[in-house]
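J.: Please find model-v4.csv (CSV, C-alpha atoms and all ligand atoms) on the next line:
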chain,number,residue,atom,x,y,z
A,1,MET,CA,-8.1,33.9,-2.2
A,2,LYS,CA,-9.7,30.8,-0.7
A,3,LYS,CA,-9.3,29.0,-4.0
A,4,ILE,CA,-5.6,29.8,-4.1
A,5,THR,CA,-5.1,28.5,-0.6
A,6,ILE,CA,-7.0,25.3,-1.4
A,7,THR,CA,-4.9,24.8,-4.6
A,8,ALA,CA,-1.7,25.5,-2.6
A,9,LEU,CA,-2.7,23.0,0.0
A,10,SER,CA,-3.6,20.4,-2.5
A,11,ILE,CA,-0.2,20.7,-4.2
A,12,PHE,CA,1.5,20.5,-0.8
A,13,PHE,CA,-0.4,17.3,0.1
A,14,LEU,CA,0.1,15.8,-3.3
A,15,PHE,CA,3.9,16.4,-3.0
A,16,PHE,CA,3.9,15.1,0.5
A,17,THR,CA,2.0,11.9,-0.5
A,18,PHE,CA,4.2,11.3,-3.4
A,19,HIS,CA,7.3,11.5,-1.3
A,20,PHE,CA,5.8,9.3,1.3
A,21,ASP,CA,4.9,6.7,-1.3
A,22,GLU,CA,8.3,6.9,-2.8
A,23,ASN,CA,9.9,6.0,0.5
A,24,VAL,CA,7.5,3.0,0.9
A,25,GLU,CA,8.3,1.8,-2.6
A,26,THR,CA,12.1,2.1,-1.9
A,27,ALA,CA,11.7,0.3,1.5
A,28,ARG,CA,9.8,-2.5,-0.2
A,29,LYS,CA,12.4,-2.9,-2.8
A,30,ILE,CA,15.3,-3.1,-0.3
A,31,VAL,CA,13.3,-5.7,1.8
A,32,LYS,CA,12.7,-7.7,-1.4
A,33,ASP,CA,16.4,-7.7,-2.3
A,34,PHE,CA,17.5,-8.5,1.3
A,35,SER,CA,15.0,-11.4,1.6
A,36,LYS,CA,15.9,-12.8,-1.8
A,37,ILE,CA,19.7,-12.9,-1.0
A,38,LEU,CA,19.0,-14.4,2.4
A,39,LYS,CA,16.8,-17.1,1.0
A,40,SER,CA,19.3,-18.1,-1.7
A,41,GLU,CA,22.2,-18.1,0.8
A,42,LEU,CA,20.2,-20.2,3.3
A,43,THR,CA,19.1,-22.7,0.6
A,44,THR,CA,22.7,-23.1,-0.6
A,45,GLY,CA,24.0,-23.4,3.0
A,46,MET,CA,21.5,-26.1,3.8
A,47,ARG,CA,22.3,-28.0,0.7
A,48,ASN,CA,26.0,-27.9,1.3
A,49,GLY,CA,26.0,-29.2,4.8
A,50,GLY,CA,22.6,-29.1,6.5
A,51,ALA,CA,21.3,-26.9,9.2
A,52,VAL,CA,24.5,-27.0,11.3
A,53,ASN,CA,26.4,-25.5,8.4
A,54,ALA,CA,23.7,-23.0,7.5
A,55,ILE,CA,23.8,-21.5,11.0
A,56,SER,CA,26.8,-19.4,9.8
A,57,VAL,CA,24.6,-18.1,7.0
A,58,CYS,CA,22.2,-16.6,9.5
A,59,SER,CA,24.9,-15.5,12.0
A,60,VAL,CA,27.5,-14.1,9.6
A,61,LYS,CA,25.8,-13.5,6.3
A,62,ALA,CA,22.6,-11.9,7.5
A,63,PRO,CA,24.3,-9.0,9.4
A,64,GLU,CA,26.8,-8.7,6.5
A,65,ILE,CA,24.1,-8.3,3.9
A,66,ALA,CA,22.2,-5.9,6.1
A,67,LYS,CA,25.4,-3.8,6.4
A,68,GLN,CA,26.1,-3.9,2.7
A,69,LEU,CA,22.5,-2.7,2.0
A,70,SER,CA,22.8,0.0,4.6
A,71,ASP,CA,26.2,1.2,3.2
A,72,SER,CA,24.9,1.3,-0.4
A,73,THR,CA,21.7,3.2,0.3
A,74,ASP,CA,20.8,6.0,2.8
A,75,TRP,CA,18.7,3.5,4.8
A,76,GLN,CA,19.6,1.6,8.0
A,77,VAL,CA,18.5,-2.0,7.3
A,78,GLY,CA,18.1,-4.8,9.9
A,79,ARG,CA,16.0,-7.6,11.3
A,80,THR,CA,14.3,-7.7,14.6
A,81,SER,CA,11.8,-9.8,16.6
A,82,LEU,CA,9.8,-10.0,19.8
A,83,LYS,CA,11.8,-13.3,20.5
A,84,ILE,CA,15.3,-12.6,19.5
A,85,ARG,CA,18.3,-14.9,19.0
A,86,ASN,CA,21.0,-12.2,18.7
A,87,ILE,CA,20.8,-9.4,21.3
A,88,LYS,CA,22.0,-7.0,18.6
A,89,ASN,CA,18.6,-7.4,16.9
A,90,LYS,CA,16.7,-6.2,19.9
A,91,PRO,CA,13.7,-4.0,19.0
A,92,ASP,CA,13.5,-0.4,20.2
A,93,GLU,CA,10.2,0.9,21.6
A,94,TRP,CA,8.8,1.9,18.2
A,95,GLU,CA,9.7,-1.5,16.7
A,96,LYS,CA,8.3,-3.4,19.7
A,97,THR,CA,4.9,-1.5,19.3
A,98,VAL,CA,4.8,-2.3,15.5
A,99,LEU,CA,5.7,-6.0,16.1
A,100,GLU,CA,2.9,-6.2,18.7
A,101,LYS,CA,0.5,-4.5,16.2
A,102,PHE,CA,1.5,-7.2,13.6
A,103,GLU,CA,0.7,-10.0,16.1
A,104,ASN,CA,-2.8,-8.5,16.8
A,105,GLU,CA,-3.5,-8.1,13.1
A,106,LEU,CA,-2.4,-11.7,12.4
A,107,LYS,CA,-4.8,-12.9,15.2
A,108,GLU,CA,-7.6,-10.9,13.6
A,109,GLY,CA,-7.0,-12.8,10.4
A,110,THR,CA,-4.8,-10.6,8.3
A,111,ASP,CA,-2.5,-12.5,5.9
A,112,VAL,CA,1.0,-12.5,7.4
A,113,LYS,CA,2.5,-11.8,4.0
A,114,THR,CA,0.8,-8.4,3.8
A,115,LEU,CA,1.8,-7.1,7.3
A,116,GLU,CA,3.8,-3.9,6.9
A,117,TYR,CA,3.8,-0.5,8.6
A,118,SER,CA,5.4,2.9,7.9
A,119,GLU,CA,5.5,6.1,9.8
A,120,THR,CA,7.4,9.4,9.9
A,121,VAL,CA,8.7,9.9,13.4
A,122,GLU,CA,10.8,12.5,15.3
A,123,GLU,CA,13.6,11.3,17.5
A,124,ASN,CA,15.7,13.9,19.4
A,125,GLY,CA,14.5,16.6,17.0
A,126,VAL,CA,15.4,14.7,13.9
A,127,LYS,CA,12.8,13.3,11.5
A,128,TYR,CA,13.0,9.8,10.2
A,129,PHE,CA,10.9,7.7,7.9
A,130,ARG,CA,10.5,4.2,9.4
A,131,TYR,CA,9.3,1.0,7.8
A,132,MET,CA,8.7,-2.5,8.9
A,133,LYS,CA,7.6,-5.7,7.2
A,134,ALA,CA,6.7,-8.9,8.9
A,135,ILE,CA,8.8,-12.1,8.2
A,136,PRO,CA,6.6,-15.2,8.2
A,137,THR,CA,8.0,-18.5,9.6
A,138,GLY,CA,8.3,-21.0,6.7
A,139,GLY,CA,8.9,-24.8,7.0
A,140,VAL,CA,12.6,-24.5,6.5
A,141,CYS,CA,12.9,-22.0,9.4
A,142,LEU,CA,11.8,-24.7,11.9
A,143,ASN,CA,15.2,-26.4,11.5
A,144,CYS,CA,16.6,-23.6,13.7
A,145,HIS,CA,13.6,-21.8,15.1
A,146,GLY,CA,11.1,-24.6,15.7
A,147,SER,CA,10.4,-26.7,18.8
A,148,LYS,CA,12.1,-29.9,17.6
A,149,ILE,CA,15.6,-28.7,16.7
A,150,LYS,CA,18.1,-31.5,16.1
A,151,GLU,CA,20.7,-32.0,18.8
A,152,PRO,CA,23.9,-30.9,16.9
A,153,VAL,CA,22.0,-27.8,15.6
A,154,LYS,CA,20.7,-27.0,19.0
A,155,LYS,CA,24.1,-27.4,20.5
A,156,LYS,CA,25.8,-25.0,18.1
A,157,ILE,CA,23.0,-22.4,18.5
A,158,GLU,CA,23.3,-22.6,22.3
A,159,GLU,CA,27.1,-22.1,22.0
A,160,LEU,CA,26.8,-19.0,19.8
A,161,TYR,CA,23.7,-17.6,21.5
A,162,PRO,CA,23.4,-18.6,25.2
A,163,GLU,CA,20.4,-16.3,25.6
A,164,ASP,CA,18.5,-17.4,22.5
A,165,LYS,CA,14.8,-16.8,22.6
A,166,ALA,CA,14.0,-17.5,19.0
A,167,VAL,CA,12.7,-21.0,19.3
A,168,GLY,CA,9.3,-22.7,19.5
A,169,PHE,CA,7.9,-21.1,16.4
A,170,LYS,CA,5.3,-22.8,14.2
A,171,LYS,CA,4.8,-22.5,10.5
A,172,GLY,CA,2.8,-19.3,9.7
A,173,ASP,CA,3.9,-17.5,12.9
A,174,ILE,CA,5.6,-14.1,12.6
A,175,ARG,CA,9.3,-14.9,13.1
A,176,GLY,CA,10.2,-11.2,13.1
A,177,ALA,CA,10.4,-8.3,10.8
A,178,PHE,CA,12.6,-6.4,8.5
A,179,THR,CA,13.2,-2.9,9.9
A,180,LEU,CA,14.3,0.1,7.9
A,181,LYS,CA,15.0,3.7,8.8
A,182,LYS,CA,15.9,6.7,6.8
A,183,LYS,CA,16.8,10.2,7.9
A,184,LEU,CA,14.6,12.9,6.3
A,185,ASP,CA,15.9,16.3,5.6
B,1,LIG,C1,20.4,-22.9,9.9
B,1,LIG,C2,19.7,-22.3,11.0
B,1,LIG,C3,18.7,-21.2,10.7
B,1,LIG,C4,17.6,-21.3,9.8
B,1,LIG,C5,17.3,-22.5,8.9
B,1,LIG,C6,16.9,-20.1,9.9
B,1,LIG,N1,17.5,-19.3,10.8
B,1,LIG,FE1,16.9,-17.4,11.4
B,1,LIG,N2,18.5,-17.2,12.6
B,1,LIG,C7,19.5,-18.2,12.8
B,1,LIG,C8,20.6,-17.6,13.5
B,1,LIG,C9,21.9,-18.2,13.9
B,1,LIG,C10,20.2,-16.2,13.8
B,1,LIG,C11,21.0,-15.1,14.5
B,1,LIG,C12,21.6,-14.2,13.4
B,1,LIG,C13,22.4,-13.0,13.9
B,1,LIG,O1,23.3,-13.3,14.7
B,1,LIG,O2,22.1,-11.9,13.5
B,1,LIG,C14,18.9,-16.0,13.2
B,1,LIG,C15,18.2,-14.8,13.2
B,1,LIG,C16,17.0,-14.6,12.6
B,1,LIG,C17,16.3,-13.3,12.7
B,1,LIG,C18,16.8,-12.0,13.3
B,1,LIG,C19,16.1,-11.8,14.7
B,1,LIG,C20,16.8,-12.6,15.8
B,1,LIG,O3,16.1,-13.5,16.3
B,1,LIG,O4,18.0,-12.4,16.1
B,1,LIG,C21,15.2,-13.5,11.9
B,1,LIG,C22,14.1,-12.5,11.6
B,1,LIG,C23,15.2,-14.9,11.4
B,1,LIG,N3,16.4,-15.5,11.8
B,1,LIG,C24,14.3,-15.4,10.5
B,1,LIG,C25,14.4,-16.6,9.9
B,1,LIG,C26,13.4,-17.1,9.0
B,1,LIG,C27,12.2,-16.4,8.5
B,1,LIG,C28,13.9,-18.4,8.5
B,1,LIG,C29,13.3,-19.2,7.5
B,1,LIG,C30,13.1,-18.7,6.2
B,1,LIG,C31,15.1,-18.6,9.3
B,1,LIG,N4,15.4,-17.6,10.1
B,1,LIG,C32,15.8,-19.8,9.2
B,1,LIG,C33,19.5,-19.5,12.3
B,1,LIG,C34,18.6,-19.9,11.3
What does the file become when written as structure tokens?

T.:
Amino acid sequence: MKKITITALSIFFLFFTFHFDENVETARKIVKDFSKILKSELTTGMRNGGAVNAISVCSVKAPEIAKQLSDSTDWQVGRTSLKIRNIKNKPDEWEKTVLEKFENELKEGTDVKTLEYSETVEENGVKYFRYMKAIPTGGVCLNCHGSKIKEPVKKKIEELYPEDKAVGFKKGDIRGAFTLKKKLD
């Protein structure tokens, strides 16, 4: 009897672990696609007219790509940060806790590229799988998120986002995170 219980339990956990990993794998793949499209849009935008022109890539294209990915999968996809530019990207409590955890891990020496976190959570009686992956600040990001932003760029950002907090970043900082959520049944 005991043996059967143990076997049943093992099968249950194996199944559970498999599903869990499958969600992590899918989340990673979506993040990879999102980040690849964003990077290529940003590079093209900068090449075609510098940072002033590329602002529209971040302000129009990024939410568009996020929406497309959300519509074509059963995941909600977005970006968030502790210092946001667009108020629509404001983190919820869970996201804020994870972003703070990433900041602590970075301070303790973890490579920013490896910072990710996933958890199954319950919200209003509904179970969700949630996943976040840190977004490092690269050199090109400083054009619009650094501390020496050129005047025309600064002016346009201030016009579009009067409450902008996403400045003063340095290379290697955590600029924010991709955040994904999937309803579990
Ligand atoms: C040409 C200017 C520009 C450059 C370069 C740029 N960004 Fe942004 N970024 C913006 C704008 C504008 C927004 C607001 C987007 C929106 O409205 O959703 C933004 C928003 C974000 C957000 C969403 C959170 C928030 O603050 O609202 C993240 C994360 C982000 N940028 C990361 C990066 C990273 C990483 C890089 C470098 C690879 C980068 N950005 C380069 C202009 C830029």

J.: Report, in Å with one decimal, the straight-line distance from atom C17 of ligand LIG 1 (chain B) to atom CA of Glu22 of chain A.

T.: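 Separation of atom C17 of ligand LIG 1 (chain B) and atom CA of Glu22 of chain A: 26.7 Å.
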
J.: Hey, can you check how far atom C5 of ligand LIG 1 (chain B) sits from atom CA of Leu42 of chain A?

T.: 6.7 Å

J.: Between A:Glu95, A:Glu100, A:Lys183, A:Val140, which is the closest to ligand LIG 1 (chain B) once you count all atoms listed in the file?

T.: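 Nearest candidate to ligand LIG 1 (chain B) out of A:Glu95, A:Glu100, A:Lys183, A:Val140: A:Val140.
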
J.: Got a sec: who's within 12 Å of Ala27 of chain A, counting only C-alpha atoms, leaving out chain neighbours fewer than 5 positions off, as a tab-separated table (two decimals) with C-alpha atoms, in the frame of the given file?

T.:
chain	number	residue	atom	x	y	z
A	20	PHE	CA	5.80	9.30	1.30
A	21	ASP	CA	4.90	6.70	-1.30
A	22	GLU	CA	8.30	6.90	-2.80
A	32	LYS	CA	12.70	-7.70	-1.40
A	33	ASP	CA	16.40	-7.70	-2.30
A	34	PHE	CA	17.50	-8.50	1.30
A	69	LEU	CA	22.50	-2.70	2.00
A	70	SER	CA	22.80	0.00	4.60
A	73	THR	CA	21.70	3.20	0.30
A	74	ASP	CA	20.80	6.00	2.80
A	75	TRP	CA	18.70	3.50	4.80
A	76	GLN	CA	19.60	1.60	8.00
A	77	VAL	CA	18.50	-2.00	7.30
A	78	GLY	CA	18.10	-4.80	9.90
A	116	GLU	CA	3.80	-3.90	6.90
A	117	TYR	CA	3.80	-0.50	8.60
A	118	SER	CA	5.40	2.90	7.90
A	119	GLU	CA	5.50	6.10	9.80
A	129	PHE	CA	10.90	7.70	7.90
A	130	ARG	CA	10.50	4.20	9.40
A	131	TYR	CA	9.30	1.00	7.80
A	132	MET	CA	8.70	-2.50	8.90
A	133	LYS	CA	7.60	-5.70	7.20
A	178	PHE	CA	12.60	-6.40	8.50
A	179	THR	CA	13.20	-2.90	9.90
A	180	LEU	CA	14.30	0.10	7.90
A	181	LYS	CA	15.00	3.70	8.80
A	182	LYS	CA	15.90	6.70	6.80

J.: Contacts of segment 46-53 of chain A at 12 Å or less, counting only C-alpha atoms, minus same-chain residues fewer than 4 places along, as a list of chain:residue names?

T.: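 Contacts, with the query itself left out: A:Lys39, A:Ser40, A:Glu41, A:Leu42, A:Val57, A:Cys58, A:Ser59, A:Val60, A:Val140, A:Cys141, A:Leu142, A:Asn143, A:Cys144, A:His145, A:Ile149, A:Lys150, A:Glu151, A:Pro152, A:Val153, A:Lys154, A:Lys155, A:Lys156, A:Ile157, A:Glu158, A:Leu160.
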
J.: For C-alpha atoms, I'd like the residues from the last selection saved as a PDB file, in the frame of the given file.

T.:
ATOM      1  CA  LYS A  39      16.800 -17.100   1.000  1.00  0.00           C
ATOM      2  CA  SER A  40      19.300 -18.100  -1.700  1.00  0.00           C
ATOM      3  CA  GLU A  41      22.200 -18.100   0.800  1.00  0.00           C
ATOM      4  CA  LEU A  42      20.200 -20.200   3.300  1.00  0.00           C
ATOM      5  CA  VAL A  57      24.600 -18.100   7.000  1.00  0.00           C
ATOM      6  CA  CYS A  58      22.200 -16.600   9.500  1.00  0.00           C
ATOM      7  CA  SER A  59      24.900 -15.500  12.000  1.00  0.00           C
ATOM      8  CA  VAL A  60      27.500 -14.100   9.600  1.00  0.00           C
ATOM      9  CA  VAL A 140      12.600 -24.500   6.500  1.00  0.00           C
ATOM     10  CA  CYS A 141      12.900 -22.000   9.400  1.00  0.00           C
ATOM     11  CA  LEU A 142      11.800 -24.700  11.900  1.00  0.00           C
ATOM     12  CA  ASN A 143      15.200 -26.400  11.500  1.00  0.00           C
ATOM     13  CA  CYS A 144      16.600 -23.600  13.700  1.00  0.00           C
ATOM     14  CA  HIS A 145      13.600 -21.800  15.100  1.00  0.00           C
ATOM     15  CA  ILE A 149      15.600 -28.700  16.700  1.00  0.00           C
ATOM     16  CA  LYS A 150      18.100 -31.500  16.100  1.00  0.00           C
ATOM     17  CA  GLU A 151      20.700 -32.000  18.800  1.00  0.00           C
ATOM     18  CA  PRO A 152      23.900 -30.900  16.900  1.00  0.00           C
ATOM     19  CA  VAL A 153      22.000 -27.800  15.600  1.00  0.00           C
ATOM     20  CA  LYS A 154      20.700 -27.000  19.000  1.00  0.00           C
ATOM     21  CA  LYS A 155      24.100 -27.400  20.500  1.00  0.00           C
ATOM     22  CA  LYS A 156      25.800 -25.000  18.100  1.00  0.00           C
ATOM     23  CA  ILE A 157      23.000 -22.400  18.500  1.00  0.00           C
ATOM     24  CA  GLU A 158      23.300 -22.600  22.300  1.00  0.00           C
ATOM     25  CA  LEU A 160      26.800 -19.000  19.800  1.00  0.00           C
TER      26      LEU A 160
END

J.: Have a look at A:Gly168, A:Pro63, A:Gly109, A:Pro162 and name the one nearest to ligand LIG 1 (chain B); count all atoms listed in the file.

T.: A:Pro63

J.: Which one of A:Lys36, A:Lys83, A:Lys96, A:Lys107 sits closest to ligand LIG 1 (chain B) if you count all atoms listed in the file?

T.: A:Lys83

J.: What is the distance between atom CA of Leu99 of chain A and atom CA of Arg175 of chain A, in Å to one decimal?

T.: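 These two atoms are separated by 10.1 Å.
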
J.: Which of these residues is nearest to ligand LIG 1 (chain B), using only C-alpha atoms and all ligand atoms: A:Glu103, A:Asp111, A:Glu159, A:Asp71?

T.: A:Glu159

J.: Could you check which of A:Glu64, A:Glu93, A:Asp185, A:Asp173 is closest to Ile135 of chain A, using all atoms listed in the file?

T.: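 Ranking A:Glu64, A:Glu93, A:Asp185, A:Asp173 by distance to Ile135 of chain A, first place goes to A:Asp173.
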
J.: Would you please work out which residue, of A:Lys170, A:Lys165, A:Lys101, A:Lys3, is nearest to ligand LIG 1 (chain B) when using all atoms listed in the file?

T.: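 Closest to ligand LIG 1 (chain B) of all the choices is A:Lys165.
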